[in-house]
>>> print(open('run.cif').read())   # mmCIF, C-alpha atoms
data_final
loop_
_atom_site.label_atom_id
_atom_site.label_comp_id
_atom_site.auth_asym_id
_atom_site.auth_seq_id
_atom_site.Cartn_x
_atom_site.Cartn_y
_atom_site.Cartn_z
CA MET A 1 -42.21 13.01 -70.20
CA HIS A 2 -45.09 10.57 -70.54
CA ALA A 3 -43.48 9.03 -73.66
CA TYR A 4 -40.21 8.42 -71.75
CA LEU A 5 -42.06 6.72 -68.90
CA VAL A 6 -43.86 4.45 -71.35
CA THR A 7 -40.58 3.61 -73.12
CA TYR A 8 -38.74 2.78 -69.90
CA GLY A 9 -41.76 0.93 -68.57
CA ILE A 10 -41.81 -1.29 -71.66
CA MET A 11 -38.06 -1.87 -71.33
CA ILE A 12 -38.44 -2.92 -67.68
CA ILE A 13 -41.20 -5.36 -68.63
CA LYS A 14 -39.02 -6.74 -71.42
CA LEU A 15 -36.11 -7.14 -68.98
CA ILE A 16 -38.29 -9.13 -66.61
CA ILE A 17 -39.57 -11.31 -69.46
CA ALA A 18 -36.01 -11.79 -70.78
CA ILE A 19 -34.72 -12.85 -67.34
CA ALA A 20 -37.60 -15.30 -66.92
CA ALA A 21 -37.02 -16.69 -70.44
CA ALA A 22 -33.28 -17.10 -69.75
CA VAL A 23 -33.97 -19.01 -66.52
CA ILE A 24 -36.50 -21.28 -68.24
CA PHE A 25 -34.16 -21.81 -71.19
CA MET A 26 -31.20 -22.74 -69.01
CA ARG A 27 -33.41 -25.01 -66.90
CA PHE A 28 -34.97 -27.02 -69.72
CA PHE A 29 -32.72 -26.69 -72.77
CA THR A 30 -29.22 -26.57 -71.31
CA PRO A 31 -27.61 -29.81 -70.04
CA SER A 32 -26.60 -29.99 -66.40
CA GLY A 33 -23.06 -28.76 -65.83
CA THR A 34 -22.80 -26.59 -68.96
CA LEU A 35 -22.31 -23.41 -66.95
CA LYS A 36 -19.82 -25.12 -64.65
CA GLN A 37 -17.66 -26.16 -67.55
CA MET A 38 -17.17 -23.50 -70.24
CA THR A 39 -16.76 -25.78 -73.22
CA PRO A 40 -17.02 -24.48 -76.82
CA LEU A 41 -20.67 -25.60 -76.86
CA ALA A 42 -21.43 -23.68 -73.66
CA VAL A 43 -19.81 -20.55 -75.10
CA ILE A 44 -21.92 -20.83 -78.27
CA ILE A 45 -25.15 -21.32 -76.28
CA ASN A 46 -24.50 -18.40 -73.94
CA PHE A 47 -23.30 -16.04 -76.70
CA LEU A 48 -26.29 -16.60 -78.98
CA LEU A 49 -28.79 -16.53 -76.12
CA SER A 50 -27.33 -13.20 -74.95
CA ALA A 51 -27.68 -11.81 -78.48
CA ILE A 52 -31.33 -12.92 -78.71
CA LEU A 53 -32.21 -11.44 -75.32
CA SER A 54 -30.37 -8.18 -76.01
CA ASP A 55 -32.13 -7.73 -79.34
CA PHE A 56 -35.50 -8.38 -77.72
CA ILE A 57 -34.89 -5.81 -74.96
CA LEU A 58 -33.50 -3.03 -77.15
CA ASN A 59 -35.42 -3.51 -80.41
CA ARG A 60 -38.90 -1.96 -80.27
CA ASN A 61 -39.99 -3.81 -83.42
CA ILE A 62 -39.80 -7.25 -81.77
CA ASP A 63 -43.02 -8.20 -80.00
CA LEU A 64 -43.68 -11.04 -77.54
CA PRO A 65 -44.97 -13.66 -80.02
CA GLU A 66 -41.89 -13.21 -82.24
CA PHE A 67 -39.59 -13.43 -79.22
CA PHE A 68 -41.12 -16.64 -77.90
CA ILE A 69 -41.08 -18.24 -81.35
CA VAL A 70 -37.36 -17.46 -81.72
CA ILE A 71 -36.61 -18.77 -78.21
CA PHE A 72 -38.57 -21.96 -78.89
CA ILE A 73 -36.81 -22.61 -82.21
CA TYR A 74 -33.41 -21.85 -80.65
CA GLY A 75 -34.16 -24.15 -77.72
CA ALA A 76 -35.17 -26.99 -80.05
CA LEU A 77 -31.99 -26.58 -82.11
CA ILE A 78 -29.84 -26.51 -78.96
CA SER A 79 -31.54 -29.66 -77.65
CA ILE A 80 -30.66 -31.47 -80.89
CA LEU A 81 -27.11 -30.09 -80.78
CA ASN A 82 -26.72 -31.19 -77.14
CA ARG A 83 -27.72 -34.75 -77.99
CA PHE A 84 -25.32 -34.73 -80.94
CA ALA A 85 -22.51 -33.46 -78.72
CA ILE A 86 -23.18 -35.89 -75.86
CA TYR A 87 -24.10 -39.09 -77.68
CA THR A 88 -21.80 -39.04 -80.73
CA ASP A 89 -18.02 -39.20 -80.72
CA ILE A 90 -17.55 -36.59 -83.45
CA GLY A 91 -20.02 -34.22 -81.79
CA HIS A 92 -18.24 -34.59 -78.46
CA ARG A 93 -14.88 -33.81 -80.03
CA ILE A 94 -16.19 -30.73 -81.89
CA PHE A 95 -18.44 -29.10 -79.31
CA ILE A 96 -17.08 -30.32 -75.96
CA GLY A 97 -13.53 -31.42 -76.63
CA ASP A 98 -11.26 -34.12 -75.22
CA PRO A 99 -8.58 -33.83 -72.54
CA GLN A 100 -5.13 -33.11 -73.99
CA VAL A 101 -2.35 -35.10 -72.33
CA ILE A 102 0.84 -33.06 -71.95
CA ILE A 103 2.76 -35.35 -69.59
CA GLN A 104 2.55 -39.14 -69.92
CA ASN A 105 4.54 -41.64 -67.85
CA GLY A 106 6.59 -38.74 -66.53
CA GLN A 107 7.59 -37.63 -70.05
CA ILE A 108 6.69 -34.11 -71.17
CA ASN A 109 5.13 -33.81 -74.63
CA VAL A 110 6.88 -30.61 -75.71
CA ASP A 111 5.22 -30.56 -79.14
CA LYS A 112 1.74 -30.77 -77.59
CA ILE A 113 2.56 -28.03 -75.06
CA GLU A 114 3.80 -25.72 -77.82
CA LYS A 115 0.76 -26.50 -79.97
CA LEU A 116 -1.54 -25.60 -77.08
CA LYS A 117 0.49 -22.42 -76.50
CA ILE A 118 1.29 -23.27 -72.90
CA SER A 119 4.37 -21.62 -71.47
CA ALA A 120 6.71 -23.11 -68.88
CA ARG A 121 5.50 -20.41 -66.50
CA ASP A 122 1.86 -21.48 -66.99
CA LEU A 123 2.83 -25.08 -66.24
CA ALA A 124 4.76 -24.06 -63.13
CA VAL A 125 1.84 -21.98 -61.81
CA ALA A 126 -0.61 -24.84 -62.35
CA MET A 127 1.75 -27.25 -60.57
CA ARG A 128 2.06 -24.95 -57.54
CA GLN A 129 -1.75 -24.69 -57.38
CA HIS A 130 -1.81 -28.49 -57.06
CA HIS A 131 0.99 -28.41 -54.43
CA ILE A 132 3.49 -29.96 -56.85
CA HIS A 133 6.96 -28.42 -56.81
CA SER A 134 8.93 -30.59 -59.24
CA LEU A 135 8.27 -32.19 -62.61
CA ARG A 136 9.82 -35.34 -61.17
CA GLU A 137 6.69 -35.75 -59.03
CA VAL A 138 4.36 -35.82 -62.06
CA GLU A 139 3.25 -39.09 -63.63
CA MET A 140 0.55 -37.63 -65.88
CA ALA A 141 -0.89 -34.20 -66.64
CA GLN A 142 -3.61 -33.10 -69.00
CA ILE A 143 -5.60 -30.06 -70.09
CA GLU A 144 -9.32 -30.57 -69.51
CA PRO A 145 -11.95 -29.36 -72.03
CA ASN A 146 -12.71 -26.39 -69.76
CA GLY A 147 -9.06 -25.28 -69.84
CA GLU A 148 -8.10 -26.50 -66.36
CA MET A 149 -4.93 -28.50 -65.85
CA THR A 150 -5.01 -31.69 -63.79
CA PHE A 151 -2.09 -33.75 -62.48
CA VAL A 152 -1.44 -37.27 -61.26
CA LYS A 153 1.56 -37.72 -59.01
CA LYS A 154 3.92 -40.67 -59.36
CA GLY A 155 2.83 -43.57 -57.20
CA ASP A 156 -0.75 -42.30 -57.04
CA LYS A 157 -3.02 -45.17 -58.09
CA LYS A 158 -6.29 -43.59 -56.96
CA TYR A 159 -6.99 -41.45 -59.99
CA SER A 160 -9.85 -42.51 -62.25
CA VAL A 161 -10.16 -42.62 -66.04
CA VAL A 162 -13.35 -43.15 -68.05
CA VAL A 163 -12.56 -45.73 -70.74
CA ILE A 164 -16.12 -46.22 -72.04
CA ASP A 165 -18.62 -43.38 -72.29
CA ASN A 166 -22.14 -44.18 -73.48
CA GLY A 167 -20.97 -47.21 -75.42
CA ASP A 168 -17.94 -45.48 -76.99
CA ILE A 169 -14.42 -46.71 -76.20
CA ASP A 170 -11.97 -43.91 -75.41
CA THR A 171 -8.66 -45.10 -76.85
CA ASP A 172 -6.84 -42.03 -75.50
CA ALA A 173 -8.00 -42.89 -71.98
CA LEU A 174 -6.74 -46.45 -72.42
CA GLN A 175 -3.32 -45.13 -73.39
CA LYS A 176 -3.20 -43.12 -70.16
CA ILE A 177 -3.45 -46.30 -68.11
CA ASN A 178 -1.19 -48.26 -70.48
CA ARG A 179 -3.98 -50.59 -71.60
CA SER A 180 -5.27 -51.60 -75.04
CA GLU A 181 -8.70 -52.05 -76.57
CA LYS A 182 -7.98 -55.78 -76.76
CA TRP A 183 -7.39 -55.84 -73.01
CA LEU A 184 -10.62 -53.93 -72.39
CA ARG A 185 -12.73 -56.30 -74.47
CA LYS A 186 -11.16 -59.27 -72.66
CA GLU A 187 -12.10 -57.72 -69.30
CA LEU A 188 -15.66 -57.21 -70.52
CA ARG A 189 -15.90 -60.85 -71.57
CA LYS A 190 -14.80 -61.86 -68.07
CA LYS A 191 -17.76 -59.88 -66.76
CA LYS A 192 -20.02 -61.55 -69.36
CA ILE A 193 -20.69 -58.30 -71.22
CA LYS A 194 -21.02 -58.91 -74.95
CA ASN A 195 -22.34 -55.58 -76.24
CA ILE A 196 -20.36 -52.42 -75.46
CA ASP A 197 -23.40 -50.32 -76.42
CA ASP A 198 -25.07 -51.62 -73.25
CA ILE A 199 -22.48 -49.84 -71.08
CA PHE A 200 -23.29 -46.39 -69.73
CA VAL A 201 -19.83 -45.85 -68.27
CA ALA A 202 -16.72 -47.93 -67.57
CA GLN A 203 -14.14 -46.38 -65.28
CA TRP A 204 -10.65 -47.48 -64.35
CA ASN A 205 -10.23 -46.55 -60.71
CA ASN A 206 -7.60 -47.60 -58.19
CA GLY A 207 -6.50 -50.53 -60.36
CA LYS A 208 -10.02 -51.84 -60.95
CA LEU A 209 -12.52 -51.62 -63.82
CA GLN A 210 -15.89 -50.38 -62.62
CA ILE A 211 -18.85 -50.72 -64.99
CA VAL A 212 -22.36 -49.26 -64.96
CA LYS A 213 -24.80 -50.60 -67.54
CA LYS A 214 -27.44 -48.37 -69.09
CA GLU A 215 -30.23 -50.45 -67.58
CA GLU A 216 -28.68 -50.01 -64.12
CA GLU A 217 -28.26 -46.26 -64.66
CA ASN A 218 -31.95 -45.90 -65.48
CA LYS A 219 -33.11 -47.56 -62.28
#
>>> encode(input="run.cif", output="structure tokens")
Amino acid sequence: MHAYLVTYGIMIIKLIIAIAAAVIFMRFFTPSGTLKQMTPLAVIINFLLSAILSDFILNRNIDLPEFFIVIFIYGALISILNRFAIYTDIGHRIFIGDPQVIIQNGQINVDKIEKLKISARDLAVAMRQHHIHSLREVEMAQIEPNGEMTFVKKGDKKYSVVVIDNGDIDTDALQKINRSEKWLRKELRKKKIKNIDDIFVAQWNNGKLQIVKKEEENK
């Protein structure tokens, strides 16, 4: 009886330590918004963290120093991976993903829909959730990296598109608003911006290009 109490007592202590470690890990090593948006990177982080915590709780051979060393190494690797995913174009595409346009200028991209394995019923359900009852009302629709479907109705000029993200030009976003990279660079010259790397974000919103420089963002 005494042995069982000791075993369960140790397990309870490990559970408390694991919960505290998970909170600290998510607070300091996970970027803001990761849990709100279940991207491939978020799935990887949560899956591996769950495996580490489960092994610590159930495996009697793992002591506290070993556990904290593993958590620290994992946190350091995730921090590096987060920076790679956020600040590089290839990392963003692999670990976060880009929106997939399925309707552009009112035209449905059937090949893209079939490739993404979206049925007509799925599209209809998503449209009803956005209070859209006919494809004729849709100007643009896309699948977000978290799997959600967003729509822009015809005649709606208030939707926003990020065309520059941390110094990287998003050519797909430019296509959505029927603009080119040449046009974008011309607009930047008008605003006396020579180096695109200096831009934190450039957003096309309601027919206007809004720009925030990195030095402004840090203030």
>>> axis_aligned_box(input="run.cif", around="stretch 146-159 of chain A", padding_each_side="6 Å", output="lines of an AutoDock Vina configuration file")
center_x = -4.4
center_y = -35.2
center_z = -63.4
size_x = 28.6
size_y = 31.9
size_z = 24.9
>>> resolve_selection(input="run.cif", expression="the PyMOL selection byres ((chain A and resi 206-214) around 10)", output="JSON, numbers by chain")
{"A": [156, 157, 158, 159, 160, 161, 162, 163, 164, 166, 167, 177, 184, 187, 188, 191, 193, 196, 197, 198, 199, 200, 201, 202, 203, 204, 205, 215, 216, 217, 218, 219]}
>>> closest_residue(input="run.cif", among="A:Asp98, A:Ala21, A:Ile71, A:Ile103", to="A:Asp170", atoms="all atoms listed in the file")
A:Asp98
>>> residues_around(input="run.cif", residues="A:Gln107", least_positions_apart="2", cutoff="12 Å", atoms="all atoms listed in the file", output="CSV table (one decimal) with C-alpha atoms, keeping the file's coordinate frame")
chain,number,residue,atom,x,y,z
A,101,VAL,CA,-2.4,-35.1,-72.3
A,102,ILE,CA,0.8,-33.1,-72.0
A,103,ILE,CA,2.8,-35.4,-69.6
A,104,GLN,CA,2.6,-39.1,-69.9
A,105,ASN,CA,4.5,-41.6,-67.8
A,109,ASN,CA,5.1,-33.8,-74.6
A,110,VAL,CA,6.9,-30.6,-75.7
A,111,ASP,CA,5.2,-30.6,-79.1
A,112,LYS,CA,1.7,-30.8,-77.6
A,113,ILE,CA,2.6,-28.0,-75.1
A,135,LEU,CA,8.3,-32.2,-62.6
A,136,ARG,CA,9.8,-35.3,-61.2
A,137,GLU,CA,6.7,-35.8,-59.0
A,138,VAL,CA,4.4,-35.8,-62.1
A,139,GLU,CA,3.2,-39.1,-63.6
A,140,MET,CA,0.6,-37.6,-65.9
A,141,ALA,CA,-0.9,-34.2,-66.6
A,154,LYS,CA,3.9,-40.7,-59.4
>>> closest_residue(input="run.cif", among="A:Leu77, A:Ile12, A:Val70, A:Ala42", to="A:Leu58", atoms="all atoms listed in the file")
A:Ile12
>>> closest_residue(input="run.cif", among="A:Phe72, A:Asp63, A:Glu144, A:Arg83", to="A:Phe25", atoms="only C-alpha atoms")
A:Phe72
>>> closest_residue(input="run.cif", among="A:Ile52, A:Phe95, A:Glu148, A:Ile132", to="A:Ile73", atoms="all atoms listed in the file")
A:Ile52
>>> closest_residue(input="run.cif", among="A:Phe56, A:Phe67, A:Tyr87, A:Trp183", to="A:Asp165", atoms="all atoms listed in the file")
A:Tyr87
>>> residues_near_point(input="run.cif", point="(-1.5, -34.0, -57.2)", cutoff="7 Å", atoms="all atoms listed in the file", output="PyMOL selection string")
chain A and resi 130-132+151-153
>>> atom_distance(input="run.cif", atom1="atom CA of A:Lys176", atom2="atom CA of A:Glu114")
20.3 Å
>>> atom_distance(input="run.cif", atom1="atom CA of A:Asp168", atom2="atom CA of A:Asn82")
16.8 Å
>>> atom_distance(input="run.cif", atom1="atom CA of A:Ser134", atom2="atom CA of A:Asn146")
24.4 Å
>>> closest_residue(input="run.cif", among="A:Gln142, A:Asn46, A:Gln100, A:Thr150", to="A:Gln129", atoms="all atoms listed in the file")
A:Thr150
>>> resolve_selection(input="run.cif", expression="the PyMOL selection byres ((chain A and resi 79-81) around 12)", output="ChimeraX atom specification")
/A:25-31,41-42,44-45,72-78,82-88,90-92,94-96
>>> build_atoms(input="run.cif", residues="stretch 196-217 of chain A", atoms="N, CA and C atoms", output="short mmCIF file (atom, residue, chain, number, x, y, z; two decimals), in the frame of the given file")
data_model
loop_
_atom_site.label_atom_id
_atom_site.label_comp_id
_atom_site.auth_asym_id
_atom_site.auth_seq_id
_atom_site.Cartn_x
_atom_site.Cartn_y
_atom_site.Cartn_z
N ILE A 196 -20.89 -53.64 -76.08
CA ILE A 196 -20.36 -52.42 -75.46
C ILE A 196 -21.42 -51.32 -75.43
N ASP A 197 -22.34 -51.34 -76.38
CA ASP A 197 -23.40 -50.32 -76.42
C ASP A 197 -24.29 -50.37 -75.19
N ASP A 198 -24.26 -51.48 -74.46
CA ASP A 198 -25.07 -51.62 -73.25
C ASP A 198 -24.45 -50.92 -72.05
N ILE A 199 -23.20 -50.45 -72.20
CA ILE A 199 -22.48 -49.84 -71.08
C ILE A 199 -22.69 -48.33 -71.05
N PHE A 200 -23.14 -47.84 -69.91
CA PHE A 200 -23.29 -46.39 -69.73
C PHE A 200 -21.93 -45.76 -69.46
N VAL A 201 -21.18 -46.34 -68.54
CA VAL A 201 -19.83 -45.85 -68.27
C VAL A 201 -18.98 -46.99 -67.71
N ALA A 202 -17.72 -47.02 -68.13
CA ALA A 202 -16.72 -47.93 -67.57
C ALA A 202 -15.54 -47.08 -67.12
N GLN A 203 -15.17 -47.24 -65.88
CA GLN A 203 -14.14 -46.38 -65.28
C GLN A 203 -13.04 -47.22 -64.65
N TRP A 204 -11.81 -46.85 -64.97
CA TRP A 204 -10.65 -47.48 -64.35
C TRP A 204 -10.29 -46.66 -63.12
N ASN A 205 -10.43 -47.28 -61.95
CA ASN A 205 -10.23 -46.55 -60.71
C ASN A 205 -9.51 -47.43 -59.69
N ASN A 206 -8.38 -46.92 -59.23
CA ASN A 206 -7.60 -47.60 -58.19
C ASN A 206 -7.27 -49.05 -58.59
N GLY A 207 -6.91 -49.22 -59.89
CA GLY A 207 -6.50 -50.53 -60.36
C GLY A 207 -7.64 -51.49 -60.67
N LYS A 208 -8.88 -50.99 -60.67
CA LYS A 208 -10.02 -51.84 -60.95
C LYS A 208 -10.92 -51.21 -62.01
N LEU A 209 -11.58 -52.09 -62.79
CA LEU A 209 -12.52 -51.62 -63.82
C LEU A 209 -13.93 -51.67 -63.25
N GLN A 210 -14.54 -50.49 -63.15
CA GLN A 210 -15.89 -50.38 -62.62
C GLN A 210 -16.85 -50.07 -63.76
N ILE A 211 -17.93 -50.82 -63.86
CA ILE A 211 -18.85 -50.72 -64.99
C ILE A 211 -20.27 -50.45 -64.52
N VAL A 212 -20.93 -49.53 -65.20
CA VAL A 212 -22.36 -49.26 -64.96
C VAL A 212 -23.07 -49.43 -66.29
N LYS A 213 -24.02 -50.38 -66.33
CA LYS A 213 -24.80 -50.60 -67.54
C LYS A 213 -25.92 -49.57 -67.65
N LYS A 214 -26.39 -49.34 -68.86
CA LYS A 214 -27.44 -48.37 -69.09
C LYS A 214 -28.72 -48.74 -68.35
N GLU A 215 -29.02 -50.02 -68.28
CA GLU A 215 -30.23 -50.45 -67.58
C GLU A 215 -30.12 -50.21 -66.08
N GLU A 216 -28.91 -50.30 -65.54
CA GLU A 216 -28.68 -50.01 -64.12
C GLU A 216 -28.78 -48.52 -63.85
N GLU A 217 -28.26 -47.72 -64.82
CA GLU A 217 -28.26 -46.26 -64.66
C GLU A 217 -29.67 -45.72 -64.67
#
